[in-house]
Each structure stands twice: as structure tokens, then as C-alpha cells.
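Student: Just passing along the structure, written as C-alpha cells.
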Amino acid sequence: MSSNDDRDPLFRYDDPIFADERLLEITHLPGPDRIVGRDEQMQRVADALNPAVFGSEPNHLFIFGKTGTGKSLISRSVTQRVITEAERDGVTVKYAFIDCGEQNTEASVVKTIAQIINEPDNSGITVPDRGLGTGDYYKRLWQTIDHCTDVTIVILDEIDMLEDDEILRKLSRAGENRRISDAAIGIVGISNKIDFPDHLSERVKSSLSRDELVFSPYDANQLIEILEKRQDAFHDSVLEDDVIPLTSALAAQEHGDARKAIDILRNAGRLAKKQNDARVTAENVREAKEKTEADRFNELIEGSPQQAKAILYALTVLTQNSSQKEFPTKIIYNQYKELARRLDFDILSERRVQEILQEQNFLNVIQSERTGRGRGRGAHAKHRLLENPSIVEKVLLRDSRLALLDENADTETSSGR
Ligand SMILES: Nc1ncnc2c1ncn2[C@@H]1O[C@H](COP(=O)(O)OP(=O)(O)OP(=O)(O)O)[C@@H](O)[C@H]1O
């Protein structure tokens with residue numbers, strides 16, 4: 001054993017703040033004793049999946065609710081418990097958790113499910129990353145499901161992001177159509193858009209029978225309890241007394257969002273660590289809230305082209321300079337044209353700007369209300385930012401070209417910041 005004295009001084013070997021930071025990671029699946037206030041929802045998910053314990057087809061299920069209300073957590077947690085119980089009876093249940101924000105085409109979802117479920121050494125089936133058509137990927141999927149499982153549970157997170165809902169029909173009909181012979185499939189669809197089923201194609205609507213469940217936001221007390229049950233992520237006495245109540249109150253401001261609460265707490269710990277503080281304070285929490293919101297917004301717009309960012313910037317400027325929150329496409333377009341000129345961008349047509357606003361509505365960056373026909377469509381649609389404009393501004397100005405719009409840039413550079 002080497003003591004810390006003879007270790008490379010370039011690195012740190014102790015963590016004065018975190019005892020186990022992984023407990024605060026989004027991929028961490030807390031045990032049932034750390035899950036707060038979701039007994040009823042867990043029971044409903046368990047009721048839908050129950051047949052899988054005996055190797056039969058589960059009921060399909062759609063779960064709706066705002067971000068951070070535990071939809072993914074409860075789906076994964078109950079599925080895990082189904083797997084454990086089924087195993088005791090010699091029934092093999094497997095699950096594939098698909099983020100449809102990342103895998104949004106039919107072929108990529110089919111391929112990913114097959115890759116997750118497959119055990120190539122046992123099945124002898126290969127599922128190549130590329131090179132097969134959608135039909136062939138389906139064939140591999142059916143073979144894999146038959147070979148490797150008795151029941152496959154497919155959890156489709158952000159199901160509203162799917163380009164095409166045909167996959168729902170194929171998965172739900174696979175047994176009936178004898179694509180698979182001795183296995184069953186259950187679908188759990190997750191979305192924060194409650195009107196998602198209205199947008200399904202008629203074919204899917206009529207063929208996919210399902211249960212539906214809504215998760216409501218947490219109140220500040222439930223958020224406190226959720227955070228208290230993760231306190232062991234930190235060393236004893238590191239959190240000052242007001243840290244958890246303040247974090248919960250800040251995360252409950254818009255809607256009770258456990259993801260935001262946990263992210264703020266983790267970022268507060270990281271800030272304290274970076275500053276070599278011995279304790280996490282309310283000050284760290286306030287700073288962490290801003291960082292958490294900026295990170296989240298950044299994640300949403302990361303893939304957006306510069307023109308889309310300029311359009312968002314136009315909406316931000318309008319929001320900052322007005323008591324109103326909602327603006328018609330035309331007004332945003334006029335503001336955008338002025339910015340585009342300053343940035344030396346090609347000026348897009350109003351129609352194209354309208355389409356981009358619709359895409360940002362789809363990505364949950366803005367909310368578009370229709371005033372004519374169709375959702376968020378038409379020149380008369382009104383749009384509002386869903387995030388605090390000063391945070392949006394900061395994040396947008398990180399873009400190298402939009403940075404030219406930063407009026408404080410020169411002073412900041414000359415002051416060495
Ligand atoms: N009831 C709860 N008890 C304990 N932790 C929770 C609870 N609900 C959510 N969490 C935690 O909050 C975070 C976000 O939860 P989850 O990802 O399940 O939310 P979601 O509703 O699926 O959100 P999104 O729509 O953004 O994906 C996770 O770290 C999860 O462990």
C-alpha cells in the first residue's frame with residue numbers, strides 16, 4: 001500500500017465532499033426503499049407487467065408526466081423486480097430501455113432492441129451495427145427474442161420523438177402474426193406529452209390496446225425526502241442544514257422535478273469540491289441551480305444549427321424587453337432579420353423560420369400555441385420560451401458566431417475573465 005505522500009501530486013486522492021457520487025447519477029437505479037411517494041404508480045405498473053412473471057404477454061402501458069416525475073425510474077425498477085420474480089420460476093424476462101430522442105428511426109430502434117437482448121455466444125445470431133435493411137433487422141429481432149427470452153419488455157422513453165410509429169404496431173402484433181413463436185413482448189411507452197396518443201396513426205391507435213398512467217409532479221416535501229434518502233452520496237455532516245430544503249424549494253418552483261433537485265444537489269457538491277470547501281452551503285446551491293439550468297438548456301439545443309440559435313436569440317431579446325411572454329411568428333421574424341443582418345447570416349424566409357420554431361417546440365425548448373388550425377402551425381402561432389431568458393442568453397452566447405452579439409464581451413476580455 002502506498003501512502004498519499006508518495007503519490008503523483010498532480011492528482012487528488014481523497015474526496016472531502018462525496019462519499020459515493022454515483023448515487024446522484026441519472027443512470028443510478030435506487031432500491032425500492034429509496035423511492036418516495038410512488039406506491040400507487042408502482043402497483044399500476046406491476047399490474048400491467050404481472051403476466052410476464054409467468055411467461056405470458058404483459059399489458060402494454062403508456063406513462064405520461066412532466067420531466068423528473070419518476071417515469072423512467074418506476075418503469076425500470078418494476079421491470080427489474082419482474083425479472084427477479086420470473087427468474088425464480090425459470091422464466092427469462094429481459095428488457096430494452098430505448099431513448100427515442102437518440103434512436104428515433106424504426107430501423108435503429110429495432111436494431112438496438114435486438115442488440116440489447118441478444119446473447120451472441122448462446123444464440124449464434126449477429127446483429128450488425130449497419131448494413132441490413134429494416135426488414136432484416138426485424139427478422140434478427142424476432143429470432144433474438146425467441147432465442148434469448150420468454151418475455152421481452154421494451155421501454156420506449158420519449159416515445160413521442162419516434163419518427164414513425166409503425167414499430168409499435170409490429171411489436172404489439174408480433175405474437176399474433178406468428179413473427180415470434182414462443183415468446184411475448186410488452187411495450188412501456190413514456191412521454192411528457194399527455195396528448196401523445198392523439199398523434200398516433202389510426203393503424204396504431206386501433207391495434208395497440210394499452211393501459212395509461214399519469215405521474216404528477218412532486219411537492220417540496222417529497223423532494224426533501226427524495227434528497228434525504230440520497231444523502232449518503234456525501235460524507236457525514238458535509239451538507240449544511242439548509243441545503244436540502246433550499247434545493248427542494250428551488251426544484252419545486254416550476255414543477256416538482258426530482259431530476260432537477262438531484263442535479264442541483266450534485267452540482268452544489270461539485271462546486272464546493274472545486275473551491276476546496278469543507279461543506280456544501282446554500283450559496284453553492286444557488287450557484288448550482290443556474291449551472292443546472294444552463295446545462296439542461298444546452299443539452300436541448302446542442303444539435304441545433306446556428307440559424308435556429310439566432311431565432312431563439314430573437315425570442316429571448318423580445319422576452320427580455322417586454323412584459324409579455326408570448327410572441328407571434330411575425331414579430332419574432334422581424335427581430336430575427338435584424339440579428340441575422342448583424343451576424344452576417346443569410347436571411348431565411350418567414351416560412352422556414354416558422355418551421356424552425358415548430359422544431360424547437362417539438363424539442364421542448366419553446367412552447368407554441370396555435371391560434372389557427374393545427375398545433376403550433378401557421379403564421380399566427382404564438383411562441384414562448386420555456387426557460388429563464390437570462391440563462392438562454394448565456395448559453396446561446398457560447399456559440400462562436402452568436403458571441404458577436406455579446407455586448408459585454410469586450411469589457412469581459414479586457415478585464416481578463
Ligand atoms: N419517487 C422518487 N424517489 C426517488 N428518486 C426519484 C423519484 N422520482 C424520480 N427520482 C429520481 O429523479 C431522477 C429523474 O427521474 P426519472 O428519470 O425517472 O424522471 P422522468 O419522469 O423519467 O423524467 P424525464 O421525462 O426527464 O426522463 C432520477 O435520478 C430518479 O432516480
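By order of appearance in the C-alpha cells: chains A, B, ..., then residues from 1 within every chain, and ligands from 1 in the order shown.
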Could you list, as a PyMOL selection string, all the residues within 9 Å of ligand 1, counting only C-alpha atoms and all ligand atoms?
Tutor: chain A and resi 23-39+64-76+157-158+190-192+215+217-218+222-223+225-227+229-230+257-263
Student: Looking only at alpha helix (DSSP H) from DSSP on the backbone, list the matching residues of stretch 88-335 of chain A as a ChimeraX atom specification.
Tutor: /A:88,106-117,120-123,134-148,166-173,202-207,220-228,243-251,258-274,282-301,306-320,329-335
Student: For A:Ile17, list every protein, DNA or RNA residue within 8 Å, evaluated using only C-alpha atoms, and leave out those in the same chain fewer than 3 positions away; present the list as a VMD selection string.
Tutor: chain A and resid 234 to 235 238 269 272 to 273 278 to 280
Student: Kindly export the residues of the current selection with N, CA and C atoms, as a PDB file, in the first residue's frame.
Tutor:
ATOM      1  N   PHE A 234     -22.948  11.866   0.150  1.00  0.00           N
ATOM      2  CA  PHE A 234     -21.995  12.813   0.750  1.00  0.00           C
ATOM      3  C   PHE A 234     -21.413  12.238   2.036  1.00  0.00           C
ATOM      4  N   HIS A 235     -20.243  12.706   2.407  1.00  0.00           N
ATOM      5  CA  HIS A 235     -19.696  12.340   3.720  1.00  0.00           C
ATOM      6  C   HIS A 235     -20.573  12.949   4.811  1.00  0.00           C
ATOM      7  N   VAL A 238     -21.370  16.982   5.798  1.00  0.00           N
ATOM      8  CA  VAL A 238     -20.868  17.872   4.745  1.00  0.00           C
ATOM      9  C   VAL A 238     -21.955  18.852   4.288  1.00  0.00           C
ATOM     10  N   GLY A 269     -22.449  20.117  -4.729  1.00  0.00           N
ATOM     11  CA  GLY A 269     -21.324  19.366  -4.150  1.00  0.00           C
ATOM     12  C   GLY A 269     -20.061  19.547  -4.986  1.00  0.00           C
ATOM     13  N   ALA A 272     -18.554  22.980  -4.400  1.00  0.00           N
ATOM     14  CA  ALA A 272     -17.861  23.045  -3.107  1.00  0.00           C
ATOM     15  C   ALA A 272     -16.499  22.357  -3.215  1.00  0.00           C
ATOM     16  N   LYS A 273     -16.498  21.218  -3.890  1.00  0.00           N
ATOM     17  CA  LYS A 273     -15.249  20.446  -4.038  1.00  0.00           C
ATOM     18  C   LYS A 273     -14.218  21.239  -4.838  1.00  0.00           C
ATOM     19  N   ALA A 278     -15.037  22.725   2.737  1.00  0.00           N
ATOM     20  CA  ALA A 278     -15.262  21.514   3.518  1.00  0.00           C
ATOM     21  C   ALA A 278     -16.742  21.157   3.581  1.00  0.00           C
ATOM     22  N   ARG A 279     -17.609  22.156   3.330  1.00  0.00           N
ATOM     23  CA  ARG A 279     -19.050  21.906   3.443  1.00  0.00           C
ATOM     24  C   ARG A 279     -19.783  22.478   2.233  1.00  0.00           C
ATOM     25  N   VAL A 280     -20.950  21.904   1.967  1.00  0.00           N
ATOM     26  CA  VAL A 280     -21.790  22.429   0.884  1.00  0.00           C
ATOM     27  C   VAL A 280     -22.764  23.429   1.510  1.00  0.00           C
TER      28      VAL A 280
END
Student: Could you tell me which of A:Asp195, A:Asp232, A:Arg178, A:Thr112 comes closest to A:Asp129 if we count only C-alpha atoms?
Tutor: A:Thr112
Student: Please report, as a PDB file with N, CA and C atoms, in the first residue's frame, each residue of stretch 35-269 of chain A to which DSSP assigns strand (DSSP E) when run on this structure's backbone.
Tutor:
ATOM      1  N   HIS A  60     -49.717  -3.739 -22.520  1.00  0.00           N
ATOM      2  CA  HIS A  60     -48.919  -2.580 -22.918  1.00  0.00           C
ATOM      3  C   HIS A  60     -49.358  -1.394 -22.069  1.00  0.00           C
ATOM      4  N   LEU A  61     -48.421  -0.443 -21.900  1.00  0.00           N
ATOM      5  CA  LEU A  61     -48.690   0.639 -20.949  1.00  0.00           C
ATOM      6  C   LEU A  61     -48.063   1.936 -21.445  1.00  0.00           C
ATOM      7  N   PHE A  62     -48.798   3.032 -21.357  1.00  0.00           N
ATOM      8  CA  PHE A  62     -48.217   4.349 -21.636  1.00  0.00           C
ATOM      9  C   PHE A  62     -48.173   5.136 -20.338  1.00  0.00           C
ATOM     10  N   ILE A  63     -47.031   5.765 -20.068  1.00  0.00           N
ATOM     11  CA  ILE A  63     -46.891   6.580 -18.855  1.00  0.00           C
ATOM     12  C   ILE A  63     -46.621   8.021 -19.263  1.00  0.00           C
ATOM     13  N   PHE A  64     -47.392   8.933 -18.714  1.00  0.00           N
ATOM     14  CA  PHE A  64     -47.219  10.358 -19.023  1.00  0.00           C
ATOM     15  C   PHE A  64     -46.863  11.118 -17.763  1.00  0.00           C
ATOM     16  N   GLY A  65     -46.206  12.255 -17.938  1.00  0.00           N
ATOM     17  CA  GLY A  65     -45.912  13.099 -16.783  1.00  0.00           C
ATOM     18  C   GLY A  65     -44.770  14.032 -17.139  1.00  0.00           C
ATOM     19  N   VAL A  93     -37.065 -13.091 -18.396  1.00  0.00           N
ATOM     20  CA  VAL A  93     -37.596 -11.811 -18.860  1.00  0.00           C
ATOM     21  C   VAL A  93     -36.392 -10.896 -19.080  1.00  0.00           C
ATOM     22  N   LYS A  94     -36.378 -10.187 -20.204  1.00  0.00           N
ATOM     23  CA  LYS A  94     -35.319  -9.204 -20.440  1.00  0.00           C
ATOM     24  C   LYS A  94     -35.962  -7.891 -20.817  1.00  0.00           C
ATOM     25  N   TYR A  95     -35.224  -6.798 -20.609  1.00  0.00           N
ATOM     26  CA  TYR A  95     -35.802  -5.535 -21.060  1.00  0.00           C
ATOM     27  C   TYR A  95     -34.794  -4.689 -21.820  1.00  0.00           C
ATOM     28  N   ALA A  96     -35.341  -3.914 -22.749  1.00  0.00           N
ATOM     29  CA  ALA A  96     -34.511  -2.968 -23.511  1.00  0.00           C
ATOM     30  C   ALA A  96     -35.064  -1.584 -23.250  1.00  0.00           C
ATOM     31  N   PHE A  97     -34.201  -0.712 -22.718  1.00  0.00           N
ATOM     32  CA  PHE A  97     -34.608   0.668 -22.466  1.00  0.00           C
ATOM     33  C   PHE A  97     -34.080   1.515 -23.625  1.00  0.00           C
ATOM     34  N   ILE A  98     -34.986   2.085 -24.386  1.00  0.00           N
ATOM     35  CA  ILE A  98     -34.573   2.838 -25.580  1.00  0.00           C
ATOM     36  C   ILE A  98     -34.900   4.311 -25.395  1.00  0.00           C
ATOM     37  N   ASP A  99     -33.893   5.169 -25.599  1.00  0.00           N
ATOM     38  CA  ASP A  99     -34.124   6.609 -25.575  1.00  0.00           C
ATOM     39  C   ASP A  99     -34.463   7.031 -27.009  1.00  0.00           C
ATOM     40  N   VAL A 151     -40.035 -13.481 -22.205  1.00  0.00           N
ATOM     41  CA  VAL A 151     -40.770 -12.219 -22.355  1.00  0.00           C
ATOM     42  C   VAL A 151     -39.756 -11.087 -22.523  1.00  0.00           C
ATOM     43  N   THR A 152     -40.004 -10.218 -23.501  1.00  0.00           N
ATOM     44  CA  THR A 152     -39.170  -9.028 -23.690  1.00  0.00           C
ATOM     45  C   THR A 152     -40.016  -7.803 -23.378  1.00  0.00           C
ATOM     46  N   ILE A 153     -39.502  -6.961 -22.477  1.00  0.00           N
ATOM     47  CA  ILE A 153     -40.206  -5.710 -22.185  1.00  0.00           C
ATOM     48  C   ILE A 153     -39.432  -4.582 -22.862  1.00  0.00           C
ATOM     49  N   VAL A 154     -40.100  -3.862 -23.731  1.00  0.00           N
ATOM     50  CA  VAL A 154     -39.451  -2.770 -24.456  1.00  0.00           C
ATOM     51  C   VAL A 154     -39.928  -1.460 -23.850  1.00  0.00           C
ATOM     52  N   ILE A 155     -38.994  -0.726 -23.232  1.00  0.00           N
ATOM     53  CA  ILE A 155     -39.358   0.573 -22.649  1.00  0.00           C
ATOM     54  C   ILE A 155     -38.916   1.652 -23.627  1.00  0.00           C
ATOM     55  N   LEU A 156     -39.860   2.395 -24.141  1.00  0.00           N
ATOM     56  CA  LEU A 156     -39.548   3.448 -25.120  1.00  0.00           C
ATOM     57  C   LEU A 156     -39.688   4.800 -24.440  1.00  0.00           C
ATOM     58  N   ASP A 157     -38.539   5.352 -24.009  1.00  0.00           N
ATOM     59  CA  ASP A 157     -38.547   6.655 -23.336  1.00  0.00           C
ATOM     60  C   ASP A 157     -38.635   7.745 -24.404  1.00  0.00           C
ATOM     61  N   ALA A 184     -43.059 -13.561 -25.677  1.00  0.00           N
ATOM     62  CA  ALA A 184     -44.066 -12.486 -25.665  1.00  0.00           C
ATOM     63  C   ALA A 184     -43.364 -11.142 -25.532  1.00  0.00           C
ATOM     64  N   ILE A 185     -44.064 -10.098 -25.942  1.00  0.00           N
ATOM     65  CA  ILE A 185     -43.484  -8.745 -25.890  1.00  0.00           C
ATOM     66  C   ILE A 185     -44.445  -7.807 -25.172  1.00  0.00           C
ATOM     67  N   GLY A 186     -43.898  -6.979 -24.285  1.00  0.00           N
ATOM     68  CA  GLY A 186     -44.700  -5.928 -23.649  1.00  0.00           C
ATOM     69  C   GLY A 186     -44.065  -4.576 -23.950  1.00  0.00           C
ATOM     70  N   ILE A 187     -44.885  -3.573 -24.226  1.00  0.00           N
ATOM     71  CA  ILE A 187     -44.347  -2.236 -24.535  1.00  0.00           C
ATOM     72  C   ILE A 187     -44.710  -1.281 -23.404  1.00  0.00           C
ATOM     73  N   VAL A 188     -43.702  -0.534 -22.925  1.00  0.00           N
ATOM     74  CA  VAL A 188     -43.970   0.565 -21.993  1.00  0.00           C
ATOM     75  C   VAL A 188     -43.528   1.844 -22.703  1.00  0.00           C
ATOM     76  N   GLY A 189     -44.460   2.717 -23.021  1.00  0.00           N
ATOM     77  CA  GLY A 189     -44.132   3.976 -23.696  1.00  0.00           C
ATOM     78  C   GLY A 189     -44.149   5.111 -22.680  1.00  0.00           C
ATOM     79  N   ILE A 190     -43.113   5.957 -22.723  1.00  0.00           N
ATOM     80  CA  ILE A 190     -43.018   7.057 -21.757  1.00  0.00           C
ATOM     81  C   ILE A 190     -42.978   8.382 -22.505  1.00  0.00           C
ATOM     82  N   SER A 191     -43.734   9.364 -22.013  1.00  0.00           N
ATOM     83  CA  SER A 191     -43.720  10.660 -22.698  1.00  0.00           C
ATOM     84  C   SER A 191     -44.104  11.773 -21.737  1.00  0.00           C
ATOM     85  N   ARG A 210     -53.910  -0.652 -24.612  1.00  0.00           N
ATOM     86  CA  ARG A 210     -52.923  -0.327 -23.582  1.00  0.00           C
ATOM     87  C   ARG A 210     -53.583   0.297 -22.360  1.00  0.00           C
ATOM     88  N   ASP A 211     -52.873   0.221 -21.236  1.00  0.00           N
ATOM     89  CA  ASP A 211     -53.275   0.981 -20.051  1.00  0.00           C
ATOM     90  C   ASP A 211     -52.555   2.315 -20.108  1.00  0.00           C
ATOM     91  N   GLU A 212     -53.101   3.321 -19.432  1.00  0.00           N
ATOM     92  CA  GLU A 212     -52.424   4.624 -19.382  1.00  0.00           C
ATOM     93  C   GLU A 212     -52.346   5.114 -17.944  1.00  0.00           C
ATOM     94  N   LEU A 213     -51.270   5.832 -17.672  1.00  0.00           N
ATOM     95  CA  LEU A 213     -50.985   6.233 -16.306  1.00  0.00           C
ATOM     96  C   LEU A 213     -50.347   7.617 -16.318  1.00  0.00           C
ATOM     97  N   VAL A 214     -50.779   8.490 -15.398  1.00  0.00           N
ATOM     98  CA  VAL A 214     -50.193   9.835 -15.353  1.00  0.00           C
ATOM     99  C   VAL A 214     -49.442  10.032 -14.039  1.00  0.00           C
ATOM    100  N   PHE A 215     -48.211  10.549 -14.115  1.00  0.00           N
ATOM    101  CA  PHE A 215     -47.423  10.846 -12.909  1.00  0.00           C
ATOM    102  C   PHE A 215     -47.488  12.351 -12.658  1.00  0.00           C
TER     103      PHE A 215
END
Student: Hey, can you check how far atom CA of A:Glu87 sits from atom CA of A:Ala52?
Tutor: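 We find that atom CA of A:Glu87 and atom CA of A:Ala52 lie 10.6 Å from each other.
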Student: Could you check how far atom CA of A:Glu166 sits from atom CA of A:Pro197, in Å to one decimal?
Tutor: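 Separation between atom CA of A:Glu166 and atom CA of A:Pro197: 13.5 Å.
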Student: Name the residues in contact with stretch 299-303 of chain A at a cut-off of 9 Å, using only C-alpha atoms, excluding same-chain residues fewer than 3 positions from it; report them as a PyMOL selection string.
Tutor: chain A and resi 294-296+308-309+360+363-365+396
Student: How far is it from atom CA of A:Ser248 to atom CA of A:Asn221, in Å with one decimal?
Tutor: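 So the answer is 7.6 Å.
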